[in-house]
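Asker: Got a file for you: final37.cif, mmCIF, C-alpha atoms (C1' of nucleotides).
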data_query
#
loop_
_atom_site.label_atom_id
_atom_site.label_comp_id
_atom_site.auth_asym_id
_atom_site.auth_seq_id
_atom_site.Cartn_x
_atom_site.Cartn_y
_atom_site.Cartn_z
CA MET H 1 184.57 102.13 130.70
CA ARG H 2 185.39 104.59 133.46
CA ILE H 3 183.80 108.00 133.96
CA GLY H 4 186.43 109.89 131.95
CA GLU H 5 185.90 107.66 128.93
CA LEU H 6 182.11 108.03 129.22
CA ALA H 7 182.59 111.79 129.45
CA ARG H 8 184.64 111.77 126.24
CA GLN H 9 182.19 109.56 124.35
CA SER H 10 179.12 111.55 125.40
CA GLY H 11 180.63 115.00 125.30
CA CYS H 12 179.35 115.51 128.82
CA ASP H 13 181.51 116.65 131.72
CA ALA H 14 182.38 113.95 134.30
CA GLU H 15 181.07 116.09 137.15
CA THR H 16 177.77 116.45 135.30
CA ILE H 17 177.57 112.66 134.93
CA ARG H 18 177.99 112.22 138.69
CA TYR H 19 175.37 114.94 139.18
CA TYR H 20 172.89 113.06 136.94
CA GLU H 21 173.50 109.90 138.94
CA ARG H 22 172.76 111.71 142.21
CA GLU H 23 169.58 113.13 140.62
CA GLY H 24 168.42 109.70 139.53
CA LEU H 25 168.69 110.32 135.80
CA LEU H 26 171.41 107.74 135.27
CA ASP H 27 171.52 104.24 136.78
CA ALA H 28 174.23 103.85 139.41
CA PRO H 29 177.04 101.90 137.76
CA GLN H 30 178.99 98.98 139.20
CA ARG H 31 182.16 99.82 141.09
CA GLU H 32 185.67 98.49 140.69
CA ASP H 33 187.52 97.29 143.78
CA ASN H 34 189.04 100.73 144.20
CA GLY H 35 185.62 102.39 144.12
CA TYR H 36 185.87 103.71 140.55
CA ARG H 37 182.61 103.73 138.55
CA ARG H 38 182.43 101.14 135.74
CA TYR H 39 179.98 101.91 132.90
CA GLY H 40 178.59 99.83 130.02
CA ASP H 41 177.14 100.86 126.68
CA ALA H 42 173.65 101.02 128.19
CA HIS H 43 174.84 103.89 130.36
CA LEU H 44 176.07 105.74 127.29
CA VAL H 45 172.62 105.39 125.70
CA GLN H 46 170.95 106.58 128.91
CA LEU H 47 173.24 109.56 129.08
CA ASN H 48 172.68 110.43 125.41
CA PHE H 49 168.95 110.27 126.07
CA VAL H 50 169.28 112.83 128.84
CA ARG H 51 171.54 115.10 126.77
CA HIS H 52 169.22 114.92 123.79
CA CYS H 53 166.19 115.86 125.86
CA ARG H 54 168.17 118.69 127.44
CA SER H 55 169.12 119.92 123.95
CA LEU H 56 165.36 120.18 123.33
CA GLY H 57 165.10 122.51 126.31
CA MET H 58 163.46 120.04 128.69
CA SER H 59 163.95 120.28 132.42
CA LEU H 60 165.57 117.41 134.30
CA SER H 61 162.25 116.55 135.92
CA ASP H 62 160.69 116.27 132.45
CA VAL H 63 163.53 113.96 131.44
CA ARG H 64 162.88 111.88 134.55
CA ARG H 65 159.22 111.56 133.58
CA LEU H 66 160.11 110.52 130.01
CA ARG H 67 162.50 107.93 131.42
CA ASP H 68 159.67 106.52 133.54
CA PHE H 69 157.48 106.24 130.44
CA ALA H 70 160.27 104.51 128.56
CA ARG H 71 160.55 101.92 131.32
CA ASP H 72 156.85 101.06 131.24
CA PRO H 73 156.14 100.24 127.57
CA SER H 74 152.50 99.29 128.22
CA ALA H 75 151.55 102.63 129.77
CA ALA H 76 149.44 105.01 127.71
CA CYS H 77 151.58 107.55 125.90
CA ASP H 78 149.14 110.44 126.37
CA GLY H 79 151.35 111.70 129.17
CA ILE H 80 154.28 111.91 126.77
CA ASN H 81 152.20 113.83 124.27
CA SER H 82 150.96 116.34 126.79
CA LEU H 83 154.45 116.75 128.22
CA LEU H 84 155.61 117.70 124.73
CA ASP H 85 152.62 119.96 124.19
CA ARG H 86 153.42 121.84 127.36
CA GLN H 87 157.07 122.10 126.36
CA ILE H 88 156.13 123.47 122.92
CA GLU H 89 153.74 125.95 124.50
CA GLN H 90 156.43 127.13 126.91
CA ILE H 91 159.09 127.55 124.23
CA HIS H 92 156.59 129.29 121.99
CA ALA H 93 155.70 131.81 124.69
CA GLN H 94 159.38 132.41 125.42
CA ARG H 95 160.05 132.98 121.74
CA LEU H 96 157.26 135.57 121.46
CA ALA H 97 158.58 137.34 124.54
CA LEU H 98 162.08 137.45 123.07
CA GLU H 99 160.78 138.79 119.76
CA ALA H 100 159.05 141.63 121.58
CA LEU H 101 162.17 142.24 123.67
CA GLU H 102 164.42 142.42 120.64
CA SER H 103 162.30 145.02 118.87
CA GLN H 104 162.03 147.05 122.09
CA LEU H 105 165.79 147.03 122.47
CA ARG H 106 166.33 148.01 118.83
CA ALA H 107 163.89 150.91 119.18
CA LEU H 108 165.75 152.08 122.27
CA ARG H 109 169.10 151.67 120.55
CA HIS H 110 168.00 153.94 117.67
CA THR H 111 167.57 156.86 120.05
CA CYS H 112 171.32 157.35 120.33
CA GLU H 113 174.38 157.55 118.08
CA GLU H 114 178.01 157.22 119.18
CA GLY H 115 180.10 159.96 120.69
CA HIS H 116 177.65 161.80 122.92
CA ARG H 117 178.10 162.53 126.55
CA ALA H 118 175.88 160.51 128.87
CA SER H 119 173.68 163.50 129.62
CA GLU H 120 172.74 163.75 125.94
CA CYS H 121 172.29 160.02 125.43
CA GLY H 122 168.83 159.20 124.13
CA ILE H 123 169.01 155.72 125.59
CA LEU H 124 169.63 156.95 129.09
CA GLN H 125 167.01 159.70 128.68
CA ASN H 126 164.45 157.13 127.65
CA LEU H 127 165.23 154.85 130.56
CA GLN H 128 165.09 157.69 133.07
CA GLN H 129 161.87 159.06 131.59
CA ALA H 130 160.28 155.64 131.83
CA ALA H 131 161.39 155.33 135.46
CA GLY H 132 159.65 158.63 136.20
CA GLY H 133 156.41 157.31 134.71
CA GLY H 134 156.81 158.94 131.30
CA PRO H 135 156.75 157.41 127.82
CA CYS H 136 159.70 155.60 126.25
CA GLU H 137 160.61 154.43 122.78
CA CYS H 138 160.98 150.82 123.85
CA HIS H 139 157.54 150.51 125.43
CA ARG H 140 155.52 152.88 123.27
CA THR H 141 152.15 151.67 121.99
CA GLU H 142 151.70 150.75 118.33
CA ALA H 143 149.38 153.70 117.64
CA GLY H 144 151.14 156.96 116.94
CA HIS H 145 154.55 155.52 116.10
CA PRO H 146 156.27 158.26 114.04
CA HIS H 147 158.14 155.91 111.67
CA MET J 1 156.52 155.71 152.54
CA ARG J 2 157.36 152.33 154.04
CA ILE J 3 158.49 149.28 152.12
CA GLY J 4 155.00 147.84 151.67
CA GLU J 5 153.76 151.04 150.07
CA LEU J 6 156.81 151.18 147.78
CA ALA J 7 156.14 147.57 146.85
CA ARG J 8 152.56 148.40 145.94
CA GLN J 9 153.48 151.49 143.92
CA SER J 10 156.26 149.74 142.01
CA GLY J 11 154.64 146.34 141.62
CA CYS J 12 157.82 144.83 143.05
CA ASP J 13 157.87 142.42 145.98
CA ALA J 14 159.14 143.87 149.27
CA GLU J 15 161.72 141.08 149.62
CA THR J 16 163.04 141.92 146.17
CA ILE J 17 163.36 145.57 147.18
CA ARG J 18 165.48 144.61 150.21
CA TYR J 19 167.52 142.36 147.91
CA TYR J 20 168.18 145.25 145.51
CA GLU J 21 169.33 147.37 148.43
CA ARG J 22 171.79 144.67 149.54
CA GLU J 23 173.01 144.42 145.93
CA GLY J 24 173.64 148.17 145.72
CA LEU J 25 170.96 148.86 143.09
CA LEU J 26 168.85 150.98 145.37
CA ASP J 27 170.11 153.66 147.78
CA ALA J 28 169.77 152.63 151.40
CA PRO J 29 166.79 154.58 152.79
CA GLN J 30 166.54 156.42 156.09
CA ARG J 31 165.22 154.49 159.03
CA GLU J 32 162.43 155.30 161.45
CA ASP J 33 163.10 154.99 165.17
CA ASN J 34 161.77 151.44 165.11
CA GLY J 35 164.16 150.49 162.31
CA TYR J 36 161.58 150.52 159.52
CA ARG J 37 162.80 151.75 156.12
CA ARG J 38 161.45 155.13 155.02
CA TYR J 39 161.46 155.84 151.28
CA GLY J 40 160.92 158.96 149.19
CA ASP J 41 159.79 159.47 145.60
CA ALA J 42 163.41 159.32 144.40
CA HIS J 43 163.54 155.72 145.56
CA LEU J 44 160.44 154.89 143.54
CA VAL J 45 162.11 156.34 140.43
CA GLN J 46 165.28 154.37 141.13
CA LEU J 47 163.30 151.19 141.59
CA ASN J 48 161.28 151.78 138.41
CA PHE J 49 164.56 152.26 136.56
CA VAL J 50 165.78 148.88 137.74
CA ARG J 51 162.48 147.16 136.95
CA HIS J 52 162.34 148.74 133.50
CA CYS J 53 165.85 147.59 132.65
CA ARG J 54 165.03 144.13 133.98
CA SER J 55 161.92 144.06 131.76
CA LEU J 56 164.31 144.60 128.86
CA GLY J 57 166.14 141.45 129.88
CA MET J 58 169.21 143.15 131.34
CA SER J 59 171.22 141.55 134.13
CA LEU J 60 171.54 143.30 137.47
CA SER J 61 175.19 144.05 136.77
CA ASP J 62 174.18 145.73 133.50
CA VAL J 63 171.66 147.80 135.45
CA ARG J 64 174.41 148.76 137.90
CA ARG J 65 176.58 149.92 135.02
CA LEU J 66 173.75 151.99 133.54
CA ARG J 67 173.16 153.53 136.96
CA ASP J 68 176.82 154.52 137.09
CA PHE J 69 176.52 156.18 133.68
CA ALA J 70 173.40 158.02 134.80
CA ARG J 71 175.29 159.40 137.80
CA ASP J 72 178.14 160.76 135.68
CA PRO J 73 176.42 162.89 133.01
CA SER J 74 179.70 164.09 131.48
CA ALA J 75 181.01 160.59 130.73
CA ALA J 76 181.01 159.42 127.12
CA CYS J 77 177.92 157.41 126.34
CA ASP J 78 179.68 154.93 124.06
CA GLY J 79 179.66 152.44 126.90
CA ILE J 80 175.88 152.68 127.07
CA ASN J 81 175.59 152.07 123.34
CA SER J 82 177.85 149.04 123.37
CA LEU J 83 176.07 147.65 126.41
CA LEU J 84 172.84 147.82 124.45
CA ASP J 85 174.46 146.37 121.35
CA ARG J 86 175.67 143.39 123.35
CA GLN J 87 172.25 142.98 124.92
CA ILE J 88 170.56 143.04 121.50
CA GLU J 89 173.04 140.52 120.15
CA GLN J 90 172.42 138.21 123.09
CA ILE J 91 168.63 138.38 122.85
CA HIS J 92 168.86 137.90 119.10
CA ALA J 93 170.93 134.73 119.49
CA GLN J 94 168.54 133.41 122.13
CA ARG J 95 165.59 134.07 119.86
CA LEU J 96 167.17 132.15 116.97
CA ALA J 97 167.92 129.24 119.29
CA LEU J 98 164.32 129.19 120.50
CA GLU J 99 162.99 129.28 116.94
CA ALA J 100 165.07 126.21 116.07
CA LEU J 101 163.97 124.52 119.28
CA GLU J 102 160.31 125.14 118.61
CA SER J 103 160.41 123.62 115.14
CA GLN J 104 162.39 120.62 116.42
CA LEU J 105 159.81 120.04 119.12
CA ARG J 106 156.93 120.37 116.65
CA ALA J 107 158.55 117.86 114.29
CA LEU J 108 158.94 115.46 117.18
CA ARG J 109 155.37 116.01 118.32
CA HIS J 110 154.03 115.09 114.87
CA THR J 111 155.46 111.59 115.17
CA CYS J 112 152.71 110.56 117.61
CA GLU J 113 148.95 110.84 117.97
CA GLU J 114 146.96 110.27 121.15
CA GLY J 115 145.93 106.92 122.58
CA HIS J 116 148.96 104.74 121.86
CA ARG J 117 150.82 102.68 124.34
CA ALA J 118 154.27 104.00 125.23
CA SER J 119 155.99 101.22 123.27
CA GLU J 120 154.31 102.46 120.06
CA CYS J 121 154.86 106.15 120.76
CA GLY J 122 156.77 107.80 117.93
CA ILE J 123 158.06 110.47 120.25
CA LEU J 124 159.67 108.01 122.61
CA GLN J 125 160.98 105.95 119.69
CA ASN J 126 162.62 109.00 118.23
CA LEU J 127 164.22 109.98 121.51
CA GLN J 128 165.53 106.48 122.12
CA GLN J 129 166.79 106.12 118.58
CA ALA J 130 168.67 109.39 118.90
CA ALA J 131 170.19 108.23 122.19
CA GLY J 132 171.48 105.12 120.41
CA GLY J 133 173.18 107.25 117.79
CA GLY J 134 170.45 106.93 115.16
CA PRO J 135 168.51 109.62 113.28
CA CYS J 136 165.54 111.47 114.74
CA GLU J 137 162.80 113.71 113.38
CA CYS J 138 163.73 116.60 115.60
CA HIS J 139 167.38 116.77 114.52
CA ARG J 140 167.13 115.60 110.93
CA THR J 141 169.03 117.61 108.30
CA GLU J 142 167.14 119.83 105.88
CA ALA J 143 167.98 117.65 102.86
CA GLY J 144 165.70 114.69 102.38
CA HIS J 145 162.84 115.89 104.54
CA PRO J 146 159.81 113.90 103.31
CA HIS J 147 157.20 116.65 103.84
"C1'" DT M 1 141.60 147.68 176.86
"C1'" DG M 2 142.90 143.82 174.71
"C1'" DA M 3 143.43 140.73 171.00
"C1'" DA M 4 144.16 139.81 166.39
"C1'" DA M 5 145.67 141.04 161.97
"C1'" DA M 6 148.87 143.25 159.25
"C1'" DC M 7 153.09 144.98 158.84
"C1'" DC M 8 158.21 145.23 159.55
"C1'" DC M 9 163.05 143.39 160.76
"C1'" DT M 10 167.34 140.10 160.06
"C1'" DG M 11 169.29 136.01 158.59
"C1'" DT M 12 169.31 131.77 156.28
"C1'" DA M 13 168.03 128.27 152.90
"C1'" DA M 14 165.74 126.88 148.68
"C1'" DT M 15 165.19 127.07 143.53
"C1'" DC M 16 167.73 125.13 138.63
"C1'" DG M 17 171.46 122.92 136.19
"C1'" DC M 18 175.35 122.70 136.50
"C1'" DT M 19 180.55 124.13 137.62
"C1'" DA M 20 184.42 124.56 140.62
"C1'" DC M 21 186.86 123.72 144.09
"C1'" DA M 22 189.29 121.11 148.36
"C1'" DA M 23 191.40 117.26 150.11
"C1'" DG M 24 192.40 112.99 149.46
"C1'" DG M 25 193.13 107.99 147.15
"C1'" DT M 26 194.80 105.21 142.92
"C1'" DG M 27 197.41 103.81 138.66
"C1'" DG M 28 200.98 103.67 135.44
"C1'" DG M 29 205.36 105.52 133.25
"C1'" DG M 30 210.13 107.26 133.55
"C1'" DC D 1 210.43 107.18 144.12
"C1'" DC D 2 208.26 110.85 141.93
"C1'" DC D 3 205.06 112.81 138.97
"C1'" DC D 4 201.02 113.19 136.46
"C1'" DA D 5 196.59 111.90 135.22
"C1'" DC D 6 192.77 110.00 136.86
"C1'" DC D 7 189.29 108.87 140.37
"C1'" DT D 8 186.60 109.61 144.98
"C1'" DT D 9 183.40 112.44 148.26
"C1'" DG D 10 181.69 116.60 149.98
"C1'" DT D 11 180.85 121.36 149.80
"C1'" DA D 12 180.12 125.99 147.86
"C1'" DG D 13 179.26 129.04 144.04
"C1'" DC D 14 176.50 131.19 140.07
"C1'" DG D 15 171.79 134.78 139.20
"C1'" DA D 16 167.70 136.66 140.57
"C1'" DT D 17 164.79 135.99 143.24
"C1'" DT D 18 161.51 133.46 146.69
"C1'" DA D 19 160.41 131.46 151.02
"C1'" DC D 20 160.79 130.67 155.23
"C1'" DA D 21 161.92 131.10 160.69
"C1'" DG D 22 161.67 133.71 164.54
"C1'" DG D 23 161.18 137.66 166.24
"C1'" DG D 24 159.34 142.95 167.01
"C1'" DT D 25 155.76 146.85 165.89
"C1'" DT D 26 151.67 149.07 164.38
"C1'" DT D 27 147.00 149.28 163.21
"C1'" DT D 28 142.40 147.96 163.52
"C1'" DC D 29 138.34 146.50 165.38
"C1'" DA D 30 135.29 144.77 169.03
#
Could you render the structure as structure tokens?

Answerer:
Amino acid sequence: MRIGELARQSGCDAETIRYYEREGLLDAPQREDNGYRRYGDAHLVQLNFVRHCRSLGMSLSDVRRLRDFARDPSAACDGINSLLDRQIEQIHAQRLALEALESQLRALRHTCEEGHRASECGILQNLQQAAGGGPCECHRTEAGHPH
Amino acid sequence: MRIGELARQSGCDAETIRYYEREGLLDAPQREDNGYRRYGDAHLVQLNFVRHCRSLGMSLSDVRRLRDFARDPSAACDGINSLLDRQIEQIHAQRLALEALESQLRALRHTCEEGHRASECGILQNLQQAAGGGPCECHRTEAGHPH
DNA sequence: TGAAAACCCTGTAATCGCTACAAGGTGGGG
DNA sequence: CCCCACCTTGTAGCGATTACAGGGTTTTCA
């Protein structure tokens, strides 16, 4: 199949496929006489592998490492396990950070209703106070929360 | 104060400060005869404002918009509120995505213990199966989960 | 006084994972 | 023959920094 067909079957943009080839994540395909890339089913599997890993939040260099493991079936798989452990740890930390962020933003949001002028806006007041070194709703400490 | 001092007081790298100035997030400071930037306390407050908004996950263009609101105290603050609402919605969606990701990764991780060879590694098997169009632990449907 | 360390300047390129061109070649149908 | 869809390579853009290179200036310490 040609690159457009591979793009359709994988749901991946043709330019992204060429990008993966340049980055060494996809084997370079044969070429037709006119220079067009000619792919086989093995390329589709390779590409799905990359997309699936990406959907799990892995970086392209992580995908490259997994591909290397897959090509050397006798190698110890401890590297795979620790790669996943690191990935889980990273996602976990990001999730905790986003949870904190969301509650900070909600606290800040509660300091203003609609229809004010900017000078009376609790949100803006909080942000400006914080910039001046003062306290703010979004970064207040747990102790002493009035709710 | 000079840029190094401002960097120390704000906890922001000097190169980042120059970048903010180029991007119009920080007023251009006066210059000494030798061309060095000379900042006042107002600049520190401006910079803290930017850093605080960034710590809430806002983009630089959002910060610019907030700055514009802060400079026009008589403007309606509805724009500020909806900016925050959009920001909350975005962070919320990201958090949900990360939660799903984390549980997918943990499910995948459980398919392998240490000390195997790569060919026996459940993780790699799952990833390769998924690439071939088959089922995988990380993206299985809720129904029929054996645990 | 003189040298070294620490600071400052501008401008440019790198990061990551794509995405979007520009400028051209190829293939098949009406 | 023309048009449209497809393919090629190469280059530049996104966002928010970070990291130089290649210079000039100031401070410090012996």

Asker: Write out as an MDAnalysis selection string each polymer residue whose atoms come within 10 Å of DA5 in chain M, counting all atoms listed in the file; drop sequence neighbours fewer than 3 positions from it.

Answerer: chainID D and resid 27:29

Asker: Do you know which residues are at most 12 Å from Asp41 in chain H counting only C-alpha atoms (C1' of nucleotides), after dropping those on the same chain fewer than 3 positions away, and could you put them as a list of chain:residue names?

Answerer: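 Answer for this query is H:Met1, H:Arg2, H:Glu5, H:Leu6, H:Gln9, H:Ser10, H:Pro29, H:Arg38, H:Leu44, H:Val45, H:Gln46, H:Leu47, H:Asn48, J:Ala131, J:Gly132, J:Gly133.
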
Asker: Only C-alpha atoms, please: the residues just picked out, written as an mmCIF file, in the coordinates of the input.

Answerer:
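Okay, again35.cif is ready:
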data_model
loop_
_atom_site.group_PDB
_atom_site.id
_atom_site.type_symbol
_atom_site.label_atom_id
_atom_site.label_comp_id
_atom_site.auth_asym_id
_atom_site.auth_seq_id
_atom_site.Cartn_x
_atom_site.Cartn_y
_atom_site.Cartn_z
ATOM 1 C CA MET H 1 184.570 102.130 130.700
ATOM 2 C CA ARG H 2 185.390 104.590 133.460
ATOM 3 C CA GLU H 5 185.900 107.660 128.930
ATOM 4 C CA LEU H 6 182.110 108.030 129.220
ATOM 5 C CA GLN H 9 182.190 109.560 124.350
ATOM 6 C CA SER H 10 179.120 111.550 125.400
ATOM 7 C CA PRO H 29 177.040 101.900 137.760
ATOM 8 C CA ARG H 38 182.430 101.140 135.740
ATOM 9 C CA LEU H 44 176.070 105.740 127.290
ATOM 10 C CA VAL H 45 172.620 105.390 125.700
ATOM 11 C CA GLN H 46 170.950 106.580 128.910
ATOM 12 C CA LEU H 47 173.240 109.560 129.080
ATOM 13 C CA ASN H 48 172.680 110.430 125.410
ATOM 14 C CA ALA J 131 170.190 108.230 122.190
ATOM 15 C CA GLY J 132 171.480 105.120 120.410
ATOM 16 C CA GLY J 133 173.180 107.250 117.790
#

Asker: Would you mind listing, as a ChimeraX atom specification, all residues of chain J that have at least one atom within 12 Å of chain D, where only C-alpha atoms (C1' of nucleotides) are what counts?

Answerer: /J:12-20,23,32-36,54,57-61

Asker: Quick one: chain J onto chain H, least squares on all Cα paired in order, result as a short mmCIF file (atom, residue, chain, number, x, y, z; two decimals) with C-alpha atoms, keeping the file's coordinate frame?

Answerer:
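Output (selection_29.cif):
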data_model
loop_
_atom_site.label_atom_id
_atom_site.label_comp_id
_atom_site.auth_asym_id
_atom_site.auth_seq_id
_atom_site.Cartn_x
_atom_site.Cartn_y
_atom_site.Cartn_z
CA MET J 1 184.68 102.44 130.63
CA ARG J 2 185.46 104.92 133.39
CA ILE J 3 183.80 108.28 133.89
CA GLY J 4 186.36 110.23 131.86
CA GLU J 5 185.84 108.01 128.84
CA LEU J 6 182.05 108.29 129.18
CA ALA J 7 182.46 112.05 129.40
CA ARG J 8 184.47 112.08 126.19
CA GLN J 9 182.06 109.82 124.31
CA SER J 10 178.98 111.75 125.40
CA GLY J 11 180.43 115.25 125.30
CA CYS J 12 179.13 115.72 128.85
CA ASP J 13 181.30 116.90 131.73
CA ALA J 14 182.23 114.21 134.28
CA GLU J 15 180.89 116.33 137.15
CA THR J 16 177.57 116.61 135.34
CA ILE J 17 177.47 112.83 134.94
CA ARG J 18 177.93 112.35 138.71
CA TYR J 19 175.22 114.98 139.24
CA TYR J 20 172.80 113.08 137.00
CA GLU J 21 173.50 109.93 138.97
CA ARG J 22 172.71 111.70 142.26
CA GLU J 23 169.52 113.06 140.66
CA GLY J 24 168.39 109.58 139.59
CA LEU J 25 168.65 110.24 135.84
CA LEU J 26 171.41 107.74 135.30
CA ASP J 27 171.63 104.24 136.80
CA ALA J 28 174.33 103.94 139.41
CA PRO J 29 177.21 102.04 137.77
CA GLN J 30 179.25 99.19 139.21
CA ARG J 31 182.39 100.11 141.06
CA GLU J 32 185.94 98.86 140.64
CA ASP J 33 187.85 97.74 143.72
CA ASN J 34 189.31 101.22 144.08
CA GLY J 35 185.84 102.78 144.04
CA TYR J 36 186.01 104.09 140.47
CA ARG J 37 182.75 104.00 138.50
CA ARG J 38 182.61 101.44 135.68
CA TYR J 39 180.11 102.12 132.88
CA GLY J 40 178.76 100.05 130.01
CA ASP J 41 177.26 101.01 126.65
CA ALA J 42 173.77 101.10 128.20
CA HIS J 43 174.91 103.99 130.35
CA LEU J 44 176.08 105.89 127.29
CA VAL J 45 172.63 105.44 125.72
CA GLN J 46 170.95 106.59 128.92
CA LEU J 47 173.18 109.63 129.09
CA ASN J 48 172.60 110.49 125.42
CA PHE J 49 168.87 110.27 126.09
CA VAL J 50 169.16 112.81 128.87
CA ARG J 51 171.39 115.12 126.83
CA HIS J 52 169.08 114.91 123.83
CA CYS J 53 166.04 115.81 125.90
CA ARG J 54 167.98 118.64 127.51
CA SER J 55 168.93 119.91 124.03
CA LEU J 56 165.20 120.13 123.39
CA GLY J 57 164.89 122.44 126.37
CA MET J 58 163.26 119.94 128.73
CA SER J 59 163.74 120.16 132.48
CA LEU J 60 165.39 117.30 134.35
CA SER J 61 162.07 116.38 135.93
CA ASP J 62 160.52 116.12 132.46
CA VAL J 63 163.39 113.85 131.45
CA ARG J 64 162.74 111.72 134.54
CA ARG J 65 159.10 111.39 133.55
CA LEU J 66 160.01 110.38 129.99
CA ARG J 67 162.43 107.81 131.40
CA ASP J 68 159.60 106.36 133.48
CA PHE J 69 157.43 106.08 130.37
CA ALA J 70 160.25 104.40 128.49
CA ARG J 71 160.55 101.80 131.26
CA ASP J 72 156.85 100.92 131.15
CA PRO J 73 156.16 100.13 127.47
CA SER J 74 152.53 99.13 128.10
CA ALA J 75 151.54 102.46 129.66
CA ALA J 76 149.40 104.83 127.61
CA CYS J 77 151.52 107.38 125.82
CA ASP J 78 149.07 110.25 126.27
CA GLY J 79 151.24 111.54 129.08
CA ILE J 80 154.18 111.76 126.69
CA ASN J 81 152.10 113.69 124.18
CA SER J 82 150.82 116.19 126.72
CA LEU J 83 154.30 116.62 128.15
CA LEU J 84 155.48 117.59 124.69
CA ASP J 85 152.47 119.82 124.12
CA ARG J 86 153.24 121.71 127.31
CA GLN J 87 156.89 121.98 126.35
CA ILE J 88 155.98 123.37 122.91
CA GLU J 89 153.59 125.85 124.47
CA GLN J 90 156.25 127.02 126.90
CA ILE J 91 158.94 127.45 124.25
CA HIS J 92 156.44 129.20 122.01
CA ALA J 93 155.56 131.72 124.72
CA GLN J 94 159.23 132.32 125.47
CA ARG J 95 159.93 132.91 121.80
CA LEU J 96 157.15 135.50 121.51
CA ALA J 97 158.47 137.27 124.61
CA LEU J 98 161.97 137.36 123.15
CA GLU J 99 160.70 138.72 119.84
CA ALA J 100 158.99 141.60 121.67
CA LEU J 101 162.10 142.16 123.75
CA GLU J 102 164.36 142.31 120.74
CA SER J 103 162.28 144.94 118.97
CA GLN J 104 162.01 147.00 122.17
CA LEU J 105 165.77 146.91 122.58
CA ARG J 106 166.33 147.87 118.93
CA ALA J 107 163.94 150.82 119.25
CA LEU J 108 165.82 151.96 122.32
CA ARG J 109 169.17 151.51 120.62
CA HIS J 110 168.11 153.77 117.74
CA THR J 111 167.70 156.71 120.10
CA CYS J 112 171.48 157.16 120.37
CA GLU J 113 174.52 157.27 118.12
CA GLU J 114 178.14 156.93 119.22
CA GLY J 115 180.29 159.65 120.72
CA HIS J 116 177.84 161.52 122.94
CA ARG J 117 178.29 162.30 126.55
CA ALA J 118 176.06 160.30 128.90
CA SER J 119 173.89 163.34 129.64
CA GLU J 120 172.95 163.57 125.94
CA CYS J 121 172.47 159.83 125.46
CA GLY J 122 168.99 159.06 124.16
CA ILE J 123 169.13 155.59 125.62
CA LEU J 124 169.75 156.81 129.14
CA GLN J 125 167.18 159.59 128.71
CA ASN J 126 164.58 157.07 127.68
CA LEU J 127 165.33 154.78 130.59
CA GLN J 128 165.21 157.63 133.09
CA GLN J 129 162.04 159.05 131.60
CA ALA J 130 160.37 155.67 131.86
CA ALA J 131 161.48 155.36 135.49
CA GLY J 132 159.79 158.70 136.20
CA GLY J 133 156.54 157.44 134.75
CA GLY J 134 156.98 159.04 131.32
CA PRO J 135 156.88 157.48 127.84
CA CYS J 136 159.81 155.64 126.29
CA GLU J 137 160.71 154.42 122.81
CA CYS J 138 161.02 150.83 123.90
CA HIS J 139 157.54 150.57 125.43
CA ARG J 140 155.60 152.97 123.24
CA THR J 141 152.21 151.80 121.94
CA GLU J 142 151.79 150.86 118.29
CA ALA J 143 149.53 153.84 117.54
CA GLY J 144 151.36 157.05 116.81
CA HIS J 145 154.74 155.55 116.03
CA PRO J 146 156.52 158.23 113.96
CA HIS J 147 158.46 155.84 111.68
#

Asker: Record the distance separating CA of Cys121 in chain H and CA of Ser55 in chain J, expressed in Å with one decimal.

Answerer: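 The value is 20.1 Å.
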